[in-house]
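Inspection log for the structure reproduced underneath, given as structure tokens.
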Amino acid sequence: MWIITRYLDSNISLFEFETEEEAREALKNMKGCNILSEVVYFNDPCFQVA
């Protein structure tokens with residue numbers, strides 16, 4: 001999951017995206033100060049030890 005945190009006019013907003021590509025496309029059109037973050041859940045199957 002990808003999150004954009006936006007600070008604009010003394011307000012903080014969070015926007016959630018499934019893919020990095022989708023998030024980066026949205027980021028191009030956003031005003032204010034923006035932070036793009038990837039959220040990693042360590043209980044996802046790709047982190048499980050066999």
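Ordering of the structure tokens sets the chain letters (A, B, ...); residue numbers start at 1 within each chain; ligands are numbered from 1 in the order shown.
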Give me every helix (DSSP H, G or I) residue in chain A, going by DSSP on the backbone, as a PyMOL selection string. chain A and resi 20-28+45-47
I need the chosen residues saved as a PDB file, in the first residue's frame, with N, CA, C and O atoms.
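Just written: again29.pdb:
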ATOM      1  N   GLU A  20       2.336   1.784  -6.557  1.00  0.00           N
ATOM      2  CA  GLU A  20       3.241   2.934  -6.584  1.00  0.00           C
ATOM      3  C   GLU A  20       2.953   3.816  -7.787  1.00  0.00           C
ATOM      4  O   GLU A  20       2.970   5.047  -7.690  1.00  0.00           O
ATOM      5  N   GLU A  21       2.690   3.197  -8.919  1.00  0.00           N
ATOM      6  CA  GLU A  21       2.414   3.949 -10.152  1.00  0.00           C
ATOM      7  C   GLU A  21       1.198   4.862  -9.977  1.00  0.00           C
ATOM      8  O   GLU A  21       1.226   6.035 -10.358  1.00  0.00           O
ATOM      9  N   GLU A  22       0.152   4.329  -9.395  1.00  0.00           N
ATOM     10  CA  GLU A  22      -1.063   5.091  -9.136  1.00  0.00           C
ATOM     11  C   GLU A  22      -0.779   6.272  -8.203  1.00  0.00           C
ATOM     12  O   GLU A  22      -1.239   7.402  -8.428  1.00  0.00           O
ATOM     13  N   ALA A  23       0.002   6.038  -7.169  1.00  0.00           N
ATOM     14  CA  ALA A  23       0.337   7.082  -6.198  1.00  0.00           C
ATOM     15  C   ALA A  23       1.199   8.170  -6.832  1.00  0.00           C
ATOM     16  O   ALA A  23       0.965   9.363  -6.620  1.00  0.00           O
ATOM     17  N   ARG A  24       2.191   7.767  -7.617  1.00  0.00           N
ATOM     18  CA  ARG A  24       3.066   8.757  -8.250  1.00  0.00           C
ATOM     19  C   ARG A  24       2.316   9.613  -9.266  1.00  0.00           C
ATOM     20  O   ARG A  24       2.595  10.801  -9.409  1.00  0.00           O
ATOM     21  N   GLU A  25       1.355   9.028  -9.952  1.00  0.00           N
ATOM     22  CA  GLU A  25       0.549   9.786 -10.909  1.00  0.00           C
ATOM     23  C   GLU A  25      -0.282  10.846 -10.183  1.00  0.00           C
ATOM     24  O   GLU A  25      -0.367  11.992 -10.611  1.00  0.00           O
ATOM     25  N   ALA A  26      -0.879  10.476  -9.064  1.00  0.00           N
ATOM     26  CA  ALA A  26      -1.668  11.418  -8.269  1.00  0.00           C
ATOM     27  C   ALA A  26      -0.781  12.515  -7.679  1.00  0.00           C
ATOM     28  O   ALA A  26      -1.182  13.674  -7.585  1.00  0.00           O
ATOM     29  N   LEU A  27       0.435  12.142  -7.294  1.00  0.00           N
ATOM     30  CA  LEU A  27       1.370  13.074  -6.673  1.00  0.00           C
ATOM     31  C   LEU A  27       1.740  14.216  -7.619  1.00  0.00           C
ATOM     32  O   LEU A  27       1.929  15.351  -7.181  1.00  0.00           O
ATOM     33  N   LYS A  28       1.781  13.934  -8.915  1.00  0.00           N
ATOM     34  CA  LYS A  28       2.144  14.960  -9.901  1.00  0.00           C
ATOM     35  C   LYS A  28       1.195  16.147  -9.889  1.00  0.00           C
ATOM     36  O   LYS A  28       1.593  17.267 -10.175  1.00  0.00           O
ATOM     37  N   PRO A  45       2.431 -12.635   3.208  1.00  0.00           N
ATOM     38  CA  PRO A  45       3.014 -13.941   2.876  1.00  0.00           C
ATOM     39  C   PRO A  45       4.464 -13.870   2.390  1.00  0.00           C
ATOM     40  O   PRO A  45       5.232 -14.791   2.645  1.00  0.00           O
ATOM     41  N   CYS A  46       4.856 -12.801   1.725  1.00  0.00           N
ATOM     42  CA  CYS A  46       6.232 -12.719   1.210  1.00  0.00           C
ATOM     43  C   CYS A  46       7.275 -12.630   2.330  1.00  0.00           C
ATOM     44  O   CYS A  46       8.449 -12.869   2.091  1.00  0.00           O
ATOM     45  N   PHE A  47       6.861 -12.362   3.568  1.00  0.00           N
ATOM     46  CA  PHE A  47       7.788 -12.281   4.686  1.00  0.00           C
ATOM     47  C   PHE A  47       7.759 -13.524   5.571  1.00  0.00           C
ATOM     48  O   PHE A  47       8.455 -13.578   6.585  1.00  0.00           O
TER      49      PHE A  47
END
Would you please extract all strand (DSSP E) residues from chain A, as assigned by DSSP on the backbone, and give them as an NGL selection string? :A and (2-8 or 11-17 or 33-38)
Take the residues that were just selected and, keeping C-alpha atoms, output them as a PDB file, in the first residue's frame.
ATOM      1  CA  TRP A   2       1.185   3.524  -0.765  1.00  0.00           C
ATOM      2  CA  ILE A   3       0.214   6.651   1.181  1.00  0.00           C
ATOM      3  CA  ILE A   4       0.514  10.309   0.212  1.00  0.00           C
ATOM      4  CA  THR A   5       0.513  12.665   3.180  1.00  0.00           C
ATOM      5  CA  ARG A   6      -0.336  16.213   2.107  1.00  0.00           C
ATOM      6  CA  TYR A   7       0.043  19.416   4.135  1.00  0.00           C
ATOM      7  CA  LEU A   8      -1.865  22.338   2.603  1.00  0.00           C
ATOM      8  CA  ASN A  11      -4.511  20.855   7.012  1.00  0.00           C
ATOM      9  CA  ILE A  12      -3.072  17.352   6.813  1.00  0.00           C
ATOM     10  CA  SER A  13      -4.703  14.843   4.442  1.00  0.00           C
ATOM     11  CA  LEU A  14      -3.873  11.195   3.738  1.00  0.00           C
ATOM     12  CA  PHE A  15      -4.510   9.444   0.419  1.00  0.00           C
ATOM     13  CA  GLU A  16      -4.215   5.673   0.053  1.00  0.00           C
ATOM     14  CA  PHE A  17      -3.200   3.828  -3.146  1.00  0.00           C
ATOM     15  CA  CYS A  33       3.929  19.699   0.748  1.00  0.00           C
ATOM     16  CA  ASN A  34       3.620  15.995  -0.050  1.00  0.00           C
ATOM     17  CA  ILE A  35       5.276  12.859   1.312  1.00  0.00           C
ATOM     18  CA  LEU A  36       5.011   9.525  -0.506  1.00  0.00           C
ATOM     19  CA  SER A  37       5.359   6.463   1.752  1.00  0.00           C
ATOM     20  CA  GLU A  38       5.167   2.726   1.248  1.00  0.00           C
TER      21      GLU A  38
END
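Shortest separation to Met1 (chain A) among A:Asn43, A:Glu18, A:Asn29, A:Val49 occurs at residue A:Glu18, atoms counted being only C-alpha atoms.
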